[in-house]
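Peer 1: Just one file: data_11.txt, with compact mmCIF, N, CA and C atoms.
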# COMPACT_ATOMS: atom_id res chain seq x y z
N MET A 1 -17.99 -5.05 -25.49
CA MET A 1 -18.18 -4.66 -24.09
C MET A 1 -17.64 -3.25 -23.92
N ARG A 2 -18.40 -2.44 -23.27
CA ARG A 2 -17.98 -1.07 -23.00
C ARG A 2 -18.13 -0.80 -21.51
N LEU A 3 -17.08 -0.29 -20.91
CA LEU A 3 -17.13 0.05 -19.50
C LEU A 3 -17.78 1.42 -19.35
N THR A 4 -18.43 1.62 -18.22
CA THR A 4 -19.08 2.90 -17.95
C THR A 4 -18.02 3.96 -17.62
N ARG A 5 -18.45 5.20 -17.69
CA ARG A 5 -17.58 6.31 -17.30
C ARG A 5 -17.19 6.17 -15.83
N HIS A 6 -18.09 5.64 -15.03
CA HIS A 6 -17.83 5.43 -13.60
C HIS A 6 -16.59 4.55 -13.41
N THR A 7 -16.53 3.46 -14.13
CA THR A 7 -15.39 2.54 -14.04
C THR A 7 -14.13 3.19 -14.61
N ASP A 8 -14.28 3.89 -15.72
CA ASP A 8 -13.15 4.59 -16.33
C ASP A 8 -12.53 5.56 -15.33
N TYR A 9 -13.36 6.39 -14.70
CA TYR A 9 -12.86 7.35 -13.72
C TYR A 9 -12.26 6.65 -12.51
N ALA A 10 -12.85 5.54 -12.11
CA ALA A 10 -12.32 4.79 -10.97
C ALA A 10 -10.90 4.29 -11.26
N LEU A 11 -10.70 3.74 -12.44
CA LEU A 11 -9.38 3.24 -12.80
C LEU A 11 -8.38 4.38 -12.91
N ARG A 12 -8.79 5.50 -13.48
CA ARG A 12 -7.90 6.67 -13.58
C ARG A 12 -7.52 7.18 -12.20
N LEU A 13 -8.51 7.28 -11.31
CA LEU A 13 -8.25 7.75 -9.95
C LEU A 13 -7.27 6.82 -9.24
N LEU A 14 -7.50 5.53 -9.34
CA LEU A 14 -6.60 4.58 -8.68
C LEU A 14 -5.18 4.68 -9.22
N MET A 15 -5.03 4.90 -10.53
CA MET A 15 -3.68 5.04 -11.09
C MET A 15 -2.99 6.28 -10.53
N LEU A 16 -3.70 7.39 -10.43
CA LEU A 16 -3.11 8.60 -9.87
C LEU A 16 -2.71 8.38 -8.41
N LEU A 17 -3.58 7.76 -7.64
CA LEU A 17 -3.27 7.52 -6.23
C LEU A 17 -2.06 6.60 -6.08
N ALA A 18 -1.92 5.65 -6.99
CA ALA A 18 -0.76 4.75 -6.96
C ALA A 18 0.51 5.47 -7.40
N LEU A 19 0.38 6.39 -8.35
CA LEU A 19 1.54 7.16 -8.82
C LEU A 19 2.06 8.11 -7.74
N GLU A 20 1.15 8.63 -6.94
CA GLU A 20 1.51 9.62 -5.92
C GLU A 20 1.01 9.16 -4.54
N PRO A 21 1.57 8.06 -4.05
CA PRO A 21 1.04 7.44 -2.83
C PRO A 21 1.25 8.24 -1.56
N ASP A 22 2.18 9.18 -1.56
CA ASP A 22 2.45 9.94 -0.35
C ASP A 22 1.59 11.18 -0.20
N GLU A 23 0.74 11.43 -1.20
CA GLU A 23 -0.11 12.62 -1.16
C GLU A 23 -1.55 12.24 -0.85
N LEU A 24 -2.23 13.14 -0.20
CA LEU A 24 -3.67 13.04 0.01
C LEU A 24 -4.30 13.88 -1.09
N HIS A 25 -5.14 13.27 -1.90
CA HIS A 25 -5.70 13.93 -3.09
C HIS A 25 -7.14 14.34 -2.86
N THR A 26 -7.46 15.59 -3.16
CA THR A 26 -8.84 16.03 -3.06
C THR A 26 -9.56 15.70 -4.37
N VAL A 27 -10.86 15.53 -4.26
CA VAL A 27 -11.67 15.27 -5.45
C VAL A 27 -11.55 16.44 -6.42
N GLU A 28 -11.53 17.63 -5.88
CA GLU A 28 -11.40 18.84 -6.71
C GLU A 28 -10.12 18.79 -7.54
N ASP A 29 -9.02 18.46 -6.88
CA ASP A 29 -7.72 18.40 -7.57
C ASP A 29 -7.72 17.32 -8.66
N VAL A 30 -8.21 16.15 -8.32
CA VAL A 30 -8.22 15.04 -9.28
C VAL A 30 -9.13 15.38 -10.47
N ALA A 31 -10.29 15.95 -10.20
CA ALA A 31 -11.21 16.33 -11.28
C ALA A 31 -10.56 17.35 -12.20
N ARG A 32 -9.86 18.31 -11.63
CA ARG A 32 -9.19 19.32 -12.44
C ARG A 32 -8.07 18.70 -13.28
N ARG A 33 -7.28 17.84 -12.66
CA ARG A 33 -6.16 17.24 -13.37
C ARG A 33 -6.61 16.34 -14.51
N TYR A 34 -7.68 15.62 -14.31
CA TYR A 34 -8.20 14.74 -15.36
C TYR A 34 -9.23 15.43 -16.26
N GLU A 35 -9.62 16.66 -15.88
CA GLU A 35 -10.62 17.40 -16.65
C GLU A 35 -11.93 16.60 -16.75
N VAL A 36 -12.41 16.18 -15.58
CA VAL A 36 -13.65 15.41 -15.49
C VAL A 36 -14.58 16.06 -14.47
N SER A 37 -15.82 15.63 -14.47
CA SER A 37 -16.83 16.17 -13.58
C SER A 37 -16.51 15.85 -12.11
N ARG A 38 -16.49 16.89 -11.29
CA ARG A 38 -16.25 16.70 -9.86
C ARG A 38 -17.38 15.92 -9.22
N ASN A 39 -18.63 16.20 -9.62
CA ASN A 39 -19.77 15.49 -9.06
C ASN A 39 -19.70 14.00 -9.37
N HIS A 40 -19.35 13.68 -10.61
CA HIS A 40 -19.25 12.28 -10.97
C HIS A 40 -18.10 11.61 -10.21
N LEU A 41 -16.99 12.32 -10.09
CA LEU A 41 -15.85 11.78 -9.37
C LEU A 41 -16.17 11.55 -7.89
N ASN A 42 -17.01 12.40 -7.31
CA ASN A 42 -17.45 12.18 -5.93
C ASN A 42 -18.14 10.83 -5.78
N LYS A 43 -18.98 10.48 -6.74
CA LYS A 43 -19.67 9.18 -6.72
C LYS A 43 -18.67 8.04 -6.85
N VAL A 44 -17.67 8.23 -7.69
CA VAL A 44 -16.63 7.21 -7.87
C VAL A 44 -15.88 7.00 -6.56
N VAL A 45 -15.52 8.09 -5.91
CA VAL A 45 -14.81 8.00 -4.63
C VAL A 45 -15.65 7.24 -3.61
N GLN A 46 -16.93 7.53 -3.57
CA GLN A 46 -17.82 6.83 -2.65
C GLN A 46 -17.84 5.32 -2.93
N THR A 47 -17.93 4.94 -4.19
CA THR A 47 -17.95 3.53 -4.57
C THR A 47 -16.64 2.85 -4.18
N LEU A 48 -15.53 3.49 -4.51
CA LEU A 48 -14.22 2.88 -4.21
C LEU A 48 -13.95 2.80 -2.71
N ALA A 49 -14.42 3.78 -1.96
CA ALA A 49 -14.25 3.74 -0.50
C ALA A 49 -15.10 2.63 0.11
N GLN A 50 -16.34 2.50 -0.35
CA GLN A 50 -17.22 1.44 0.17
C GLN A 50 -16.66 0.06 -0.16
N ALA A 51 -15.99 -0.06 -1.31
CA ALA A 51 -15.42 -1.35 -1.71
C ALA A 51 -14.07 -1.62 -1.04
N GLY A 52 -13.54 -0.62 -0.31
CA GLY A 52 -12.29 -0.81 0.42
C GLY A 52 -11.03 -0.60 -0.40
N PHE A 53 -11.12 0.01 -1.57
CA PHE A 53 -9.95 0.26 -2.39
C PHE A 53 -9.23 1.55 -1.99
N ILE A 54 -10.00 2.53 -1.48
CA ILE A 54 -9.40 3.80 -1.06
C ILE A 54 -9.93 4.18 0.31
N GLU A 55 -9.19 5.09 0.95
CA GLU A 55 -9.61 5.68 2.22
C GLU A 55 -9.96 7.12 1.94
N SER A 56 -10.96 7.60 2.61
CA SER A 56 -11.39 8.98 2.43
C SER A 56 -11.36 9.69 3.78
N GLN A 57 -10.73 10.85 3.81
CA GLN A 57 -10.71 11.68 5.02
C GLN A 57 -11.48 12.95 4.73
N ARG A 58 -12.47 13.22 5.55
CA ARG A 58 -13.32 14.41 5.35
C ARG A 58 -12.71 15.63 6.01
N GLY A 59 -13.24 16.77 5.61
CA GLY A 59 -12.89 18.02 6.27
C GLY A 59 -11.67 18.69 5.69
N ARG A 60 -11.32 19.79 6.33
CA ARG A 60 -10.15 20.57 5.91
C ARG A 60 -8.91 19.69 5.97
N GLY A 61 -8.15 19.70 4.91
CA GLY A 61 -6.95 18.87 4.85
C GLY A 61 -7.26 17.43 4.50
N GLY A 62 -8.52 17.16 4.16
CA GLY A 62 -8.92 15.79 3.81
C GLY A 62 -8.61 15.45 2.37
N GLY A 63 -8.98 14.26 2.01
CA GLY A 63 -8.75 13.79 0.66
C GLY A 63 -8.84 12.28 0.61
N VAL A 64 -8.31 11.72 -0.46
CA VAL A 64 -8.34 10.26 -0.64
C VAL A 64 -6.95 9.74 -0.90
N ARG A 65 -6.76 8.48 -0.53
CA ARG A 65 -5.51 7.74 -0.80
C ARG A 65 -5.87 6.26 -0.90
N LEU A 66 -4.96 5.48 -1.42
CA LEU A 66 -5.18 4.05 -1.51
C LEU A 66 -5.32 3.44 -0.13
N ALA A 67 -6.20 2.49 0.02
CA ALA A 67 -6.38 1.79 1.29
C ALA A 67 -5.50 0.54 1.35
N ARG A 68 -4.99 0.14 0.20
CA ARG A 68 -4.12 -1.04 0.10
C ARG A 68 -2.97 -0.73 -0.84
N SER A 69 -2.01 -1.59 -0.84
CA SER A 69 -0.90 -1.41 -1.79
C SER A 69 -1.41 -1.70 -3.20
N PRO A 70 -0.83 -1.07 -4.21
CA PRO A 70 -1.26 -1.31 -5.59
C PRO A 70 -1.21 -2.78 -6.00
N GLU A 71 -0.30 -3.53 -5.42
CA GLU A 71 -0.21 -4.97 -5.72
C GLU A 71 -1.44 -5.73 -5.24
N ASN A 72 -2.14 -5.17 -4.26
CA ASN A 72 -3.30 -5.83 -3.68
C ASN A 72 -4.63 -5.27 -4.18
N ILE A 73 -4.58 -4.51 -5.26
CA ILE A 73 -5.80 -4.00 -5.88
C ILE A 73 -5.94 -4.66 -7.24
N ASN A 74 -6.84 -5.61 -7.31
CA ASN A 74 -7.06 -6.39 -8.52
C ASN A 74 -8.01 -5.67 -9.47
N LEU A 75 -7.62 -5.57 -10.73
CA LEU A 75 -8.43 -4.83 -11.71
C LEU A 75 -9.80 -5.47 -11.93
N GLY A 76 -9.86 -6.78 -11.96
CA GLY A 76 -11.15 -7.46 -12.12
C GLY A 76 -12.10 -7.11 -10.99
N ARG A 77 -11.58 -7.05 -9.78
CA ARG A 77 -12.42 -6.71 -8.63
C ARG A 77 -12.88 -5.26 -8.71
N VAL A 78 -12.00 -4.39 -9.17
CA VAL A 78 -12.39 -2.97 -9.32
C VAL A 78 -13.53 -2.84 -10.33
N VAL A 79 -13.37 -3.50 -11.46
CA VAL A 79 -14.40 -3.42 -12.50
C VAL A 79 -15.72 -3.99 -11.99
N ARG A 80 -15.67 -5.11 -11.31
CA ARG A 80 -16.91 -5.69 -10.76
C ARG A 80 -17.57 -4.76 -9.74
N ALA A 81 -16.75 -4.04 -8.97
CA ALA A 81 -17.29 -3.15 -7.94
C ALA A 81 -17.85 -1.86 -8.52
N THR A 82 -17.37 -1.46 -9.68
CA THR A 82 -17.77 -0.16 -10.23
C THR A 82 -18.80 -0.25 -11.35
N GLU A 83 -18.94 -1.38 -11.97
CA GLU A 83 -19.95 -1.54 -13.02
C GLU A 83 -21.28 -1.87 -12.36
N ASP A 84 -22.34 -1.24 -12.81
CA ASP A 84 -23.64 -1.51 -12.19
C ASP A 84 -24.25 -2.80 -12.69
N ASN A 85 -23.87 -3.24 -13.85
CA ASN A 85 -24.31 -4.55 -14.34
C ASN A 85 -23.47 -4.95 -15.54
N PHE A 86 -23.60 -6.17 -15.93
CA PHE A 86 -22.90 -6.69 -17.10
C PHE A 86 -23.91 -7.19 -18.12
N HIS A 87 -25.00 -6.49 -18.27
CA HIS A 87 -26.04 -6.85 -19.22
C HIS A 87 -25.64 -6.34 -20.60
N ILE A 88 -24.76 -7.08 -21.26
CA ILE A 88 -24.25 -6.60 -22.54
C ILE A 88 -25.28 -6.73 -23.67
N VAL A 89 -26.27 -7.55 -23.47
CA VAL A 89 -27.43 -7.61 -24.37
C VAL A 89 -28.67 -7.75 -23.50
N GLU A 90 -29.80 -7.47 -24.08
CA GLU A 90 -31.06 -7.43 -23.35
C GLU A 90 -31.36 -8.71 -22.56
N CYS A 91 -31.07 -9.85 -23.15
CA CYS A 91 -31.46 -11.11 -22.51
C CYS A 91 -30.64 -11.43 -21.25
N PHE A 92 -29.59 -10.65 -20.97
CA PHE A 92 -28.82 -10.85 -19.75
C PHE A 92 -29.58 -10.34 -18.52
N CYS A 93 -30.62 -9.57 -18.74
CA CYS A 93 -31.42 -9.01 -17.65
C CYS A 93 -32.82 -9.62 -17.72
N SER A 94 -33.09 -10.59 -16.89
CA SER A 94 -34.37 -11.30 -16.96
C SER A 94 -35.57 -10.38 -16.72
N GLU A 95 -35.40 -9.33 -15.88
CA GLU A 95 -36.52 -8.43 -15.61
C GLU A 95 -36.89 -7.57 -16.81
N LYS A 96 -35.93 -7.23 -17.65
CA LYS A 96 -36.18 -6.32 -18.76
C LYS A 96 -36.11 -6.99 -20.13
N ASN A 97 -35.96 -8.30 -20.15
CA ASN A 97 -35.81 -9.00 -21.42
C ASN A 97 -37.15 -9.12 -22.13
N SER A 98 -37.23 -8.48 -23.29
CA SER A 98 -38.44 -8.60 -24.10
C SER A 98 -38.13 -9.19 -25.48
N CYS A 99 -36.94 -9.74 -25.61
CA CYS A 99 -36.54 -10.32 -26.90
C CYS A 99 -37.36 -11.58 -27.17
N VAL A 100 -38.06 -11.59 -28.28
CA VAL A 100 -38.97 -12.70 -28.58
C VAL A 100 -38.22 -13.98 -28.94
N VAL A 101 -36.97 -13.87 -29.36
CA VAL A 101 -36.23 -15.09 -29.75
C VAL A 101 -35.32 -15.61 -28.64
N ALA A 102 -35.33 -14.95 -27.50
CA ALA A 102 -34.44 -15.34 -26.40
C ALA A 102 -34.52 -16.82 -26.03
N PRO A 103 -35.70 -17.42 -25.99
CA PRO A 103 -35.75 -18.84 -25.62
C PRO A 103 -35.04 -19.77 -26.60
N ALA A 104 -34.89 -19.34 -27.84
CA ALA A 104 -34.28 -20.21 -28.85
C ALA A 104 -32.94 -19.68 -29.35
N CYS A 105 -32.51 -18.54 -28.88
CA CYS A 105 -31.31 -17.88 -29.40
C CYS A 105 -30.03 -18.53 -28.89
N GLY A 106 -29.06 -18.67 -29.77
CA GLY A 106 -27.78 -19.24 -29.38
C GLY A 106 -26.72 -18.19 -29.08
N LEU A 107 -27.09 -16.94 -29.07
CA LEU A 107 -26.13 -15.86 -28.85
C LEU A 107 -25.70 -15.70 -27.40
N ARG A 108 -26.58 -16.00 -26.47
CA ARG A 108 -26.29 -15.74 -25.05
C ARG A 108 -25.05 -16.49 -24.56
N ASP A 109 -24.94 -17.77 -24.87
CA ASP A 109 -23.80 -18.56 -24.37
C ASP A 109 -22.45 -18.01 -24.84
N PRO A 110 -22.26 -17.72 -26.13
CA PRO A 110 -20.98 -17.15 -26.54
C PRO A 110 -20.69 -15.79 -25.90
N LEU A 111 -21.73 -14.98 -25.73
CA LEU A 111 -21.52 -13.68 -25.10
C LEU A 111 -21.17 -13.83 -23.62
N GLU A 112 -21.78 -14.76 -22.93
CA GLU A 112 -21.41 -15.02 -21.53
C GLU A 112 -19.97 -15.50 -21.44
N GLU A 113 -19.58 -16.37 -22.36
CA GLU A 113 -18.20 -16.86 -22.39
C GLU A 113 -17.22 -15.70 -22.64
N ALA A 114 -17.57 -14.81 -23.57
CA ALA A 114 -16.72 -13.66 -23.86
C ALA A 114 -16.61 -12.74 -22.64
N LEU A 115 -17.70 -12.49 -21.96
CA LEU A 115 -17.69 -11.66 -20.76
C LEU A 115 -16.82 -12.30 -19.68
N ASP A 116 -16.96 -13.61 -19.49
CA ASP A 116 -16.14 -14.31 -18.51
C ASP A 116 -14.65 -14.20 -18.85
N ALA A 117 -14.33 -14.30 -20.14
CA ALA A 117 -12.94 -14.20 -20.58
C ALA A 117 -12.41 -12.79 -20.33
N PHE A 118 -13.22 -11.78 -20.62
CA PHE A 118 -12.85 -10.39 -20.39
C PHE A 118 -12.49 -10.18 -18.92
N LEU A 119 -13.36 -10.62 -18.02
CA LEU A 119 -13.11 -10.46 -16.59
C LEU A 119 -11.93 -11.31 -16.12
N ALA A 120 -11.75 -12.48 -16.71
CA ALA A 120 -10.63 -13.35 -16.34
C ALA A 120 -9.29 -12.68 -16.68
N VAL A 121 -9.23 -11.97 -17.79
CA VAL A 121 -8.00 -11.25 -18.14
C VAL A 121 -7.75 -10.16 -17.11
N LEU A 122 -8.74 -9.38 -16.77
CA LEU A 122 -8.57 -8.32 -15.78
C LEU A 122 -8.18 -8.89 -14.42
N ASP A 123 -8.67 -10.08 -14.10
CA ASP A 123 -8.33 -10.73 -12.83
C ASP A 123 -6.84 -11.07 -12.73
N ARG A 124 -6.15 -11.11 -13.85
CA ARG A 124 -4.72 -11.44 -13.85
C ARG A 124 -3.84 -10.23 -13.56
N TYR A 125 -4.44 -9.05 -13.47
CA TYR A 125 -3.66 -7.82 -13.31
C TYR A 125 -4.01 -7.07 -12.04
N SER A 126 -2.99 -6.42 -11.50
CA SER A 126 -3.19 -5.55 -10.35
C SER A 126 -2.94 -4.11 -10.78
N LEU A 127 -3.29 -3.19 -9.90
CA LEU A 127 -3.01 -1.78 -10.15
C LEU A 127 -1.51 -1.57 -10.35
N ALA A 128 -0.70 -2.28 -9.61
CA ALA A 128 0.76 -2.16 -9.75
C ALA A 128 1.22 -2.51 -11.16
N ASP A 129 0.57 -3.49 -11.78
CA ASP A 129 0.95 -3.89 -13.14
C ASP A 129 0.78 -2.74 -14.13
N LEU A 130 -0.18 -1.86 -13.88
CA LEU A 130 -0.41 -0.74 -14.79
C LEU A 130 0.71 0.29 -14.73
N LEU A 131 1.48 0.25 -13.67
CA LEU A 131 2.51 1.26 -13.46
C LEU A 131 3.92 0.70 -13.51
N ARG A 132 4.08 -0.51 -13.98
CA ARG A 132 5.41 -1.16 -14.00
C ARG A 132 6.37 -0.53 -15.01
N ASN A 133 5.86 0.03 -16.07
CA ASN A 133 6.71 0.64 -17.08
C ASN A 133 7.13 2.02 -16.60
N PRO A 134 8.42 2.20 -16.24
CA PRO A 134 8.86 3.48 -15.68
C PRO A 134 8.69 4.64 -16.66
N HIS A 135 8.94 4.40 -17.93
CA HIS A 135 8.78 5.46 -18.94
C HIS A 135 7.33 5.93 -19.00
N ALA A 136 6.41 5.00 -19.03
CA ALA A 136 4.98 5.35 -19.09
C ALA A 136 4.54 6.06 -17.81
N SER A 137 5.04 5.61 -16.67
CA SER A 137 4.68 6.25 -15.40
C SER A 137 5.19 7.69 -15.34
N ARG A 138 6.43 7.92 -15.80
CA ARG A 138 6.97 9.28 -15.83
C ARG A 138 6.15 10.16 -16.76
N ARG A 139 5.79 9.61 -17.89
CA ARG A 139 5.00 10.38 -18.86
C ARG A 139 3.63 10.73 -18.27
N MET A 140 3.00 9.76 -17.59
CA MET A 140 1.70 10.01 -16.98
C MET A 140 1.81 11.11 -15.93
N ARG A 141 2.88 11.07 -15.13
CA ARG A 141 3.08 12.11 -14.12
C ARG A 141 3.18 13.48 -14.77
N ARG A 142 3.92 13.57 -15.90
CA ARG A 142 4.05 14.86 -16.59
C ARG A 142 2.70 15.33 -17.12
N LEU A 143 1.92 14.41 -17.67
CA LEU A 143 0.61 14.77 -18.23
C LEU A 143 -0.36 15.24 -17.15
N LEU A 144 -0.19 14.71 -15.94
CA LEU A 144 -1.08 15.07 -14.83
C LEU A 144 -0.48 16.11 -13.90
N ALA A 145 0.63 16.70 -14.32
CA ALA A 145 1.32 17.67 -13.47
C ALA A 145 0.37 18.80 -13.07
N VAL A 146 0.53 19.20 -11.84
CA VAL A 146 -0.33 20.24 -11.28
C VAL A 146 -0.04 21.57 -11.91
Write the structure described by the file as structure tokens, please.

Peer 2:
Amino acid sequence: MRLTRHTDYALRLLMLLALEPDELHTVEDVARRYEVSRNHLNKVVQTLAQAGFIESQRGRGGGVRLARSPENINLGRVVRATEDNFHIVECFCSEKNSCVVAPACGLRDPLEEALDAFLAVLDRYSLADLLRNPHASRRMRRLLAV
């Protein structure tokens, strides 16, 4: 299973917002600090705002911040909100499935079980859990220093 860049950037953005909760962060600043595409990050911000994970303020002095406490942001929910699909193999998408052995193949069930297990693990963690290690949090702050 591979997560999209969209989800990767979403998780990175949420970690930064949780590390610096008293600041309003601009997309420009976050893109520069993470060395990622500002245009792509704009789309991530839109997704996270629509899902209720962050608040966005437009205009001069605007930016983004968490809409909830880190303890109330579940990683499984973030991944589900930011991934466009979980079609890890062709037969997971009935509209595009052209696999000739799909009706007799035994691969789908184990892969569905693995996907469910992957999401179940993420469901056990919150954004706060990612930042519980003070040493790692300090190091992340230094790496993202302005």

Peer 1: For Leu41 (chain A), which of A:Val27, A:Ala145, A:Ala136, A:Ile54 is the closest residue, counting all atoms listed in the file?

Peer 2: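 That would be A:Val27, the residue with the smallest distance to Leu41 (chain A).
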
Peer 1: Just list the residues in chain A DSSP gives strand (DSSP E or B) on the backbone, as a ChimeraX atom specification.

Peer 2: /A:25,54-57,63-66,74,126

Peer 1: Which of these residues is nearest to Val121 (chain A), using all atoms listed in the file: A:Ser98, A:Gly76, A:Asn133, A:Asp8?

Peer 2: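 Using all atoms listed in the file, the shortest distance to Val121 (chain A) belongs to A:Gly76.
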
Peer 1: Under the rule that only C-alpha atoms are counted, which of A:His40, A:Arg32, A:Asn72, A:His6 is the nearest residue to Ala128 (chain A)?

Peer 2: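 Among the listed residues, the smallest separation from Ala128 (chain A) belongs to A:Asn72.
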
Peer 1: Can you tell me how far CA of Leu19 (chain A) sits from CA of Asp84 (chain A), in Å to one decimal?

Peer 2: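 Taking CA of Leu19 (chain A) as the start and CA of Asp84 (chain A) as the end point, the length is 26.8 Å.
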
Peer 1: Do you know which residues are at most 12 Å from Leu48 (chain A) counting only C-alpha atoms, after dropping those on the same chain fewer than 4 positions away, and could you put them as a VMD selection string?

Peer 2: chain A and resid 6 to 7 9 to 14 41 to 44 52 to 56 64 to 68 73 77 to 83

Peer 1: Which distance in Å separates CA of Ala18 (chain A) and atom N of Leu115 (chain A), to one decimal?

Peer 2: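 Result for CA of Ala18 (chain A) versus atom N of Leu115 (chain A): 28.4 Å, one decimal.
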
Peer 1: When you count only C-alpha atoms, which of these residues is closest to Ala114 (chain A): A:Met1, A:Leu75, A:Val36, A:Leu144?

Peer 2: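 Selected residue with least distance to Ala114 (chain A): A:Met1.
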